[in-house]
Amino acid sequence: MRIRRLTVDYGTALLILCSLGFILPRLLPGDPFLAIYGEEALLNMTPETKAAIISSLSLDKPLGEQFAAYWLALLRGDLGWSYFFQAPVLSVIGAFLPWSLLLSGSALVLSTLAGFIAGVESGARRGSRFDNFSFTGLMALGGIPDFFIGALLLLAFAVHWPLFPLGGAVTAYGGKSGWALGADVLRHLALPLASLFAVRLASVYLLTRATVVGLLGSPFIRTARAKGCSAAAIRYRHIGRAALLPIATTAGLHLAHLFAGVLMVEILFGYPGMGALFGKALSARDYPLLQGILLVGTLTVLATNFLVDSLYPILDARVRKTCTSATKQQ
Amino acid sequence: MLQIDKLSVLFGRQAVLKDISLQVRPGETLAVIGESGAGKTTLALSVLGLASGARTGSILLDGRELVGRGEEDLRTLRGRELAIVLQSGGEVLHPLVTILDQVAEAVTVHFPVSRDAARAKAGRMLADMGLRAGRQNEYPHRLSGGERQRALLAMALVNNPRLVVLDEPTAALDPRSKAEICALLKTRLADKAALLITHDLGAAAAVADRVAVLYAGRILESGPCRDVFAAPRHPYTRALLRAYPDMGNPKDLQRIPGRTVRNAPGCPFHPRCTQKTAVCAERVPELKPGGADGRAVACHRGGIIPCLEVTGLGKSFDSTPVLTDIDITLYEGETLALVGESGSGKTTLARTLMGLLPADAGQVVLEGNTGIPRKQFYEYIQMVFQNPGEMLSHRLTVREIVREPLDVHGRGSAAEREALVLKTLAEVELPADEDFLGRYPHQISGGEAQRVAVARSLVLAPKIIIADEVTSALDAGAQASVVRLLLELQERRGLALLFITHDLALARKVSDRVIVLQQGRIVESGPSGQVFAAPRHAYTRALLDAIPRVYGY
Ligand code: SF4
């Protein structure tokens, strides 16, 4: 069935992507150890550490054993050693990832919801004042890069009017807990979230509006009117329902974009997420950490695409039916 | 009851419907027929306020005015009191929702019932429309055209509305589903007022009680369905029927000449009408009731005009009656076949009509006029004979033969006459080169000679041609082409044909109506389809039985 086929497809993709982490350093000319850890790390390393790493990666063994060791390490969750943080890569990522998830997740949910509603309202009333106003406004907003909006927000609401903190995810040593902690987290979240939200909102809005406008002439809308459906029911139950599928598809494709945005905004606000971590790892040339981050990024993109793909049949009965009947025929 | 009064719908400055007035009583189905582009769908949508054009006039549903009502107000009526079955093309049903839920929504929109109760009601209605429970949870793309149509019907009827508008409910259905849907409509609409919009005359005849003919945004004719189809009064209605293949009409399909002209001044049909007069292009004819029969026609000339009316015609040779009490009405643009054995008086009748023999009794009226002078008479009515030799002088060339009537009537200059001769020869599909024009009758074939005879009779542009056994001397191929020629002239010029023949098989293919003559009396007459399929008189049956059949059935 569909889900099984999807799982096989995505599993294969996952295997290939993970194997790349093994193959690439070894394709480079020279010492794979150097390629994996980089020169800088080498300088900071005692010969003992180096020997330990070489043996854990089986770099002194034939290629087949190296590959087996690579996969075993991966399965154990051993992504390597971050010499910059002096800790295993996995635990470093574990400390940063939740903040990124909080930021990008809330940005994704909020902007999709708001963009969808605004897009439906605007598209269904094409040519109205509301439509013209929001269309022009959001079109302009969508044209501005996210870090620029972030910088503007930062200057305005953290520097000029210090309503929000300048950066970070919580007040350091604030000693808060419970509700106070929650409020503190939200206060820190507000500006980075707002900048991500603004950009995503525009893209979801424009996409929804275009889809809705395209659906306006559909015969089933007239059928709904003939039934006596209210304008709101037509907009959401009929048009919105039919627009979900193309929107989900495109939204899935735009996820990579969102992650890039998260990266920028986190660096800008010093928000302790994957973006900030990536920045640090990059400037320290902490190769294993970089590789771990990329792996997590790839996994996230893969997972969300898998989610969108599995959503199709729920959103569109035609996909579900044709797939079952296709498998039946086989 | 639905009462539409002077309804016009404008899209921008373009009027798509003009002064539509019609009524539908409870329990009655009114079919609105017409070609695509006539404004049928706009009419259907306008009744529910679903058309985007601007409406003027009045639409009363049980005394409540629908024109000018606010959208919210209309919304509460739609689907509850007045429902529509929209044309089932493309995605008329929501592609992502099951049929059952879509029908159930029609209930929940108007009544505060639970989802389950609405579904139960929808399920019953769908089952009523012949959609099994197993099919009700399907999505629209999994259903056949007939099933989708049933679903749309269920959606329209689920709240038991007073008025149902149906827009092409049988379009794109195969014949069996069409028949089933028609039967379903007939029973389900029995207690409602229904407006059936269709281009399918068969469906209209099967379902509707009355019919209105829509053309270029106006109603041209209306009346009881059966009567209008059996005897159309408006030239357009007749043209529409002639273009529709029907089992009951054996005559060949005929085109409607020309094209619809949008926003023509005067009568909308006048650019294509073969009996128009000057006033037709100037004033719009009103849809006038014709009497107690419930029919109405919008035509300055009162509908298709009778061009020839013969009453009580009698003729005897040496006190032996040859024709007794002959009544004939020949309408503009129609073929009336006069059939009977040799000796039944057919040719005598033709000659008496032409004034070649004096009549003993009765009168002949041409387009409402009696006692027309001979000369004018022949400009109006011409005859083509069985044997062209009888008519074509052997001392004249083709050119002279065709030109002679013009010379006699002193029409035009020499150059104009020559031009008319060439044009007429082209019209009967004969060559118009010097070689052919210079030939004598014995130098051309029988089929060509008959065409020359037709050209000669046509050159004065008569409205009536009496064709007396015109093809009996020809082989089948030449006969077919002369007959096709006459029917094409009929399409183009509105020629009325009195087609005299002893060949019933031929008469059946060319005629709209038929008269059977036996021993100088009319023993049977009626629409060809009816007379040939169910002859009433023993003599007609005998004639029909005597026809040898090529195909053996
Ligand atoms: S005769 Fe005149 S009014 Fe009647 S249909 Fe022809 S054009 Fe119209």
# chains A, B, ... in the order shown; residues from 1 in each chain; ligands from 1
$ select_by_dssp --residues "stretch 396-545 of chain B" --states "helix (DSSP H, G or I)" --output "PyMOL selection string"
chain B and resi 398-409+414-427+434-437+441-443+446-458+476-493+504-510+528-533+538-545
$ residues_near_ligand --ligand "ligand 1" --cutoff "8 Å" --atoms "only C-alpha atoms and all ligand atoms" --output "compact mmCIF listing (two decimals) with all heavy atoms, in the first residue's frame"
# COMPACT_ATOMS: atom_id res chain seq x y z
N HIS B 234 -43.92 28.73 -34.75
CA HIS B 234 -42.87 29.71 -35.07
C HIS B 234 -41.87 29.06 -36.04
O HIS B 234 -41.51 27.90 -35.87
CB HIS B 234 -42.16 30.15 -33.81
CG HIS B 234 -41.38 31.41 -34.00
ND1 HIS B 234 -40.15 31.41 -34.62
CD2 HIS B 234 -41.65 32.70 -33.71
CE1 HIS B 234 -39.69 32.64 -34.67
NE2 HIS B 234 -40.59 33.45 -34.12
N PRO B 235 -41.41 29.82 -37.04
CA PRO B 235 -40.44 29.24 -37.98
C PRO B 235 -39.21 28.66 -37.26
O PRO B 235 -38.68 27.63 -37.67
CB PRO B 235 -40.01 30.42 -38.86
CG PRO B 235 -41.08 31.43 -38.72
CD PRO B 235 -41.74 31.22 -37.40
N TYR B 236 -38.80 29.32 -36.17
CA TYR B 236 -37.62 28.80 -35.47
C TYR B 236 -37.92 27.47 -34.80
O TYR B 236 -37.09 26.56 -34.83
CB TYR B 236 -37.12 29.81 -34.44
CG TYR B 236 -35.98 29.24 -33.64
CD1 TYR B 236 -34.75 28.98 -34.24
CD2 TYR B 236 -36.13 28.89 -32.30
CE1 TYR B 236 -33.71 28.41 -33.54
CE2 TYR B 236 -35.10 28.32 -31.58
CZ TYR B 236 -33.89 28.09 -32.20
OH TYR B 236 -32.86 27.52 -31.51
N GLY B 266 -35.43 44.26 -33.77
CA GLY B 266 -36.66 43.63 -34.23
C GLY B 266 -36.75 42.20 -33.77
O GLY B 266 -36.30 41.85 -32.69
N CYS B 267 -37.32 41.35 -34.62
CA CYS B 267 -37.45 39.95 -34.28
C CYS B 267 -36.06 39.31 -34.24
O CYS B 267 -35.30 39.45 -35.19
CB CYS B 267 -38.30 39.23 -35.32
SG CYS B 267 -38.29 37.45 -35.13
N PRO B 268 -35.70 38.64 -33.13
CA PRO B 268 -34.35 38.11 -33.05
C PRO B 268 -34.04 37.08 -34.14
O PRO B 268 -32.89 36.86 -34.50
CB PRO B 268 -34.31 37.45 -31.66
CG PRO B 268 -35.72 37.28 -31.25
CD PRO B 268 -36.48 38.37 -31.92
N PHE B 269 -35.08 36.48 -34.69
CA PHE B 269 -34.87 35.43 -35.69
C PHE B 269 -34.82 36.00 -37.11
O PHE B 269 -34.53 35.28 -38.05
CB PHE B 269 -35.99 34.38 -35.56
CG PHE B 269 -35.75 33.13 -36.36
CD1 PHE B 269 -34.62 32.36 -36.16
CD2 PHE B 269 -36.66 32.71 -37.32
CE1 PHE B 269 -34.39 31.21 -36.89
CE2 PHE B 269 -36.44 31.55 -38.07
CZ PHE B 269 -35.29 30.81 -37.84
N HIS B 270 -35.07 37.30 -37.27
CA HIS B 270 -35.25 37.79 -38.63
C HIS B 270 -34.05 37.60 -39.57
O HIS B 270 -34.23 37.36 -40.75
CB HIS B 270 -35.78 39.23 -38.66
CG HIS B 270 -34.72 40.29 -38.67
ND1 HIS B 270 -34.35 40.96 -37.54
CD2 HIS B 270 -33.96 40.78 -39.68
CE1 HIS B 270 -33.39 41.80 -37.84
NE2 HIS B 270 -33.13 41.72 -39.12
N PRO B 271 -32.79 37.64 -39.04
CA PRO B 271 -31.71 37.41 -40.00
C PRO B 271 -31.74 36.02 -40.63
O PRO B 271 -31.10 35.78 -41.65
CB PRO B 271 -30.45 37.59 -39.15
CG PRO B 271 -30.87 38.41 -37.99
CD PRO B 271 -32.28 38.00 -37.72
N ARG B 272 -32.47 35.09 -40.01
CA ARG B 272 -32.49 33.73 -40.54
C ARG B 272 -33.87 33.33 -41.05
O ARG B 272 -34.06 32.20 -41.51
CB ARG B 272 -32.08 32.74 -39.45
CG ARG B 272 -30.79 33.13 -38.76
CD ARG B 272 -30.54 32.27 -37.55
NE ARG B 272 -29.94 31.00 -37.90
CZ ARG B 272 -29.51 30.12 -37.00
NH1 ARG B 272 -29.64 30.36 -35.71
NH2 ARG B 272 -28.97 28.98 -37.39
N CYS B 273 -34.81 34.23 -40.93
CA CYS B 273 -36.19 33.85 -41.23
C CYS B 273 -36.46 33.99 -42.72
O CYS B 273 -36.05 34.96 -43.36
CB CYS B 273 -37.15 34.75 -40.45
SG CYS B 273 -38.87 34.29 -40.68
N THR B 274 -37.15 33.00 -43.30
CA THR B 274 -37.41 33.03 -44.73
C THR B 274 -38.75 33.69 -45.06
O THR B 274 -39.09 33.83 -46.22
CB THR B 274 -37.40 31.60 -45.31
OG1 THR B 274 -38.20 30.77 -44.48
CG2 THR B 274 -35.99 31.05 -45.36
N GLN B 275 -39.51 34.08 -44.04
CA GLN B 275 -40.78 34.72 -44.35
C GLN B 275 -40.87 36.11 -43.72
O GLN B 275 -41.93 36.63 -43.45
CB GLN B 275 -41.95 33.86 -43.84
CG GLN B 275 -41.90 33.58 -42.35
CD GLN B 275 -43.22 33.02 -41.84
OE1 GLN B 275 -43.82 32.17 -42.48
NE2 GLN B 275 -43.69 33.53 -40.71
N LYS B 276 -39.68 36.71 -43.52
CA LYS B 276 -39.69 38.03 -42.86
C LYS B 276 -40.25 39.10 -43.78
O LYS B 276 -40.21 38.99 -45.01
CB LYS B 276 -38.28 38.40 -42.42
CG LYS B 276 -37.30 38.51 -43.57
CD LYS B 276 -35.97 39.01 -43.08
CE LYS B 276 -34.90 38.88 -44.15
NZ LYS B 276 -33.94 37.84 -43.89
N THR B 277 -40.77 40.15 -43.18
CA THR B 277 -41.20 41.32 -43.93
C THR B 277 -40.46 42.53 -43.36
O THR B 277 -39.67 42.37 -42.42
CB THR B 277 -42.72 41.55 -43.77
OG1 THR B 277 -43.00 41.69 -42.38
CG2 THR B 277 -43.52 40.39 -44.34
N VAL B 279 -41.25 44.93 -41.42
CA VAL B 279 -41.46 45.27 -40.01
C VAL B 279 -40.63 44.38 -39.08
O VAL B 279 -40.28 44.77 -37.97
CB VAL B 279 -42.97 45.17 -39.66
CG1 VAL B 279 -43.44 43.73 -39.74
CG2 VAL B 279 -43.24 45.77 -38.29
N CYS B 280 -40.28 43.19 -39.56
CA CYS B 280 -39.57 42.23 -38.72
C CYS B 280 -38.24 42.76 -38.21
O CYS B 280 -37.80 42.43 -37.11
CB CYS B 280 -39.34 40.93 -39.47
SG CYS B 280 -40.86 40.11 -39.90
N ALA B 281 -37.56 43.57 -39.01
CA ALA B 281 -36.26 44.08 -38.60
C ALA B 281 -36.40 45.32 -37.73
O ALA B 281 -35.42 45.81 -37.20
CB ALA B 281 -35.42 44.40 -39.83
N VAL B 284 -39.92 44.48 -32.30
CA VAL B 284 -39.86 43.17 -31.67
C VAL B 284 -41.28 42.61 -31.58
O VAL B 284 -42.18 43.29 -31.07
CB VAL B 284 -39.29 43.30 -30.25
CG1 VAL B 284 -39.23 41.95 -29.57
CG2 VAL B 284 -37.92 43.95 -30.29
N PRO B 285 -41.52 41.44 -32.11
CA PRO B 285 -42.87 40.88 -31.99
C PRO B 285 -43.14 40.44 -30.56
O PRO B 285 -42.26 39.92 -29.89
CB PRO B 285 -42.83 39.67 -32.94
CG PRO B 285 -41.39 39.28 -33.01
CD PRO B 285 -40.59 40.54 -32.82
N ALA B 298 -44.45 34.49 -30.87
CA ALA B 298 -43.97 35.86 -31.04
C ALA B 298 -43.55 36.03 -32.49
O ALA B 298 -42.42 35.73 -32.86
CB ALA B 298 -42.79 36.13 -30.11
N CYS B 299 -44.49 36.47 -33.33
CA CYS B 299 -44.17 36.63 -34.75
C CYS B 299 -45.13 37.64 -35.33
O CYS B 299 -46.33 37.60 -35.06
CB CYS B 299 -44.30 35.28 -35.47
SG CYS B 299 -44.05 35.39 -37.23
N HIS B 300 -44.57 38.58 -36.09
CA HIS B 300 -45.41 39.60 -36.69
C HIS B 300 -46.42 39.00 -37.66
O HIS B 300 -47.45 39.59 -37.94
CB HIS B 300 -44.56 40.62 -37.44
CG HIS B 300 -43.81 41.52 -36.51
ND1 HIS B 300 -44.43 42.25 -35.53
CD2 HIS B 300 -42.49 41.78 -36.40
CE1 HIS B 300 -43.53 42.94 -34.87
NE2 HIS B 300 -42.34 42.66 -35.37
N ARG B 301 -46.11 37.84 -38.19
CA ARG B 301 -47.00 37.25 -39.17
C ARG B 301 -47.85 36.15 -38.55
O ARG B 301 -48.45 35.34 -39.25
CB ARG B 301 -46.20 36.72 -40.36
CG ARG B 301 -45.25 37.77 -40.90
CD ARG B 301 -44.72 37.41 -42.24
NE ARG B 301 -45.76 37.47 -43.26
CZ ARG B 301 -45.55 37.16 -44.54
NH1 ARG B 301 -44.36 36.76 -44.93
NH2 ARG B 301 -46.53 37.23 -45.41
N GLY B 302 -47.84 36.11 -37.21
CA GLY B 302 -48.67 35.13 -36.53
C GLY B 302 -48.10 33.72 -36.61
O GLY B 302 -48.83 32.75 -36.42
N GLY B 303 -46.83 33.60 -36.91
CA GLY B 303 -46.23 32.28 -37.01
C GLY B 303 -46.03 31.91 -38.46
O GLY B 303 -46.13 32.76 -39.36
N ILE B 304 -45.75 30.64 -38.68
CA ILE B 304 -45.52 30.18 -40.05
C ILE B 304 -46.79 30.45 -40.86
O ILE B 304 -47.88 30.04 -40.47
CB ILE B 304 -45.21 28.67 -40.06
CG1 ILE B 304 -44.01 28.38 -39.17
CG2 ILE B 304 -44.96 28.18 -41.47
CD1 ILE B 304 -43.84 26.92 -38.84
$ interface_residues --of "chain B" --to "chain A" --cutoff "10 Å" --atoms "only C-alpha atoms" --output "ChimeraX atom specification"
/B:45,48-51,71-80,82-98,102-103,105-110,138-142,152,155-156,159
$ residues_around --residues "B:Gly57" --least-positions-apart "2" --cutoff "7 Å" --atoms "only C-alpha atoms" --output "PyMOL selection string"
chain B and resi 5-8+55
$ closest_residue --among "A:Tyr236, A:Phe164, A:Phe278, A:Phe33" --to "A:Glu266" --atoms "only C-alpha atoms"
A:Phe278
$ residues_around --residues "stretch 204-214 of chain A" --least-positions-apart "4" --cutoff "9 Å" --atoms "only C-alpha atoms" --output "MDAnalysis selection string"
chainID A and resid 111:126 135 138:139 142 199:200 218 235 239:240 242:244 246:247 250:251
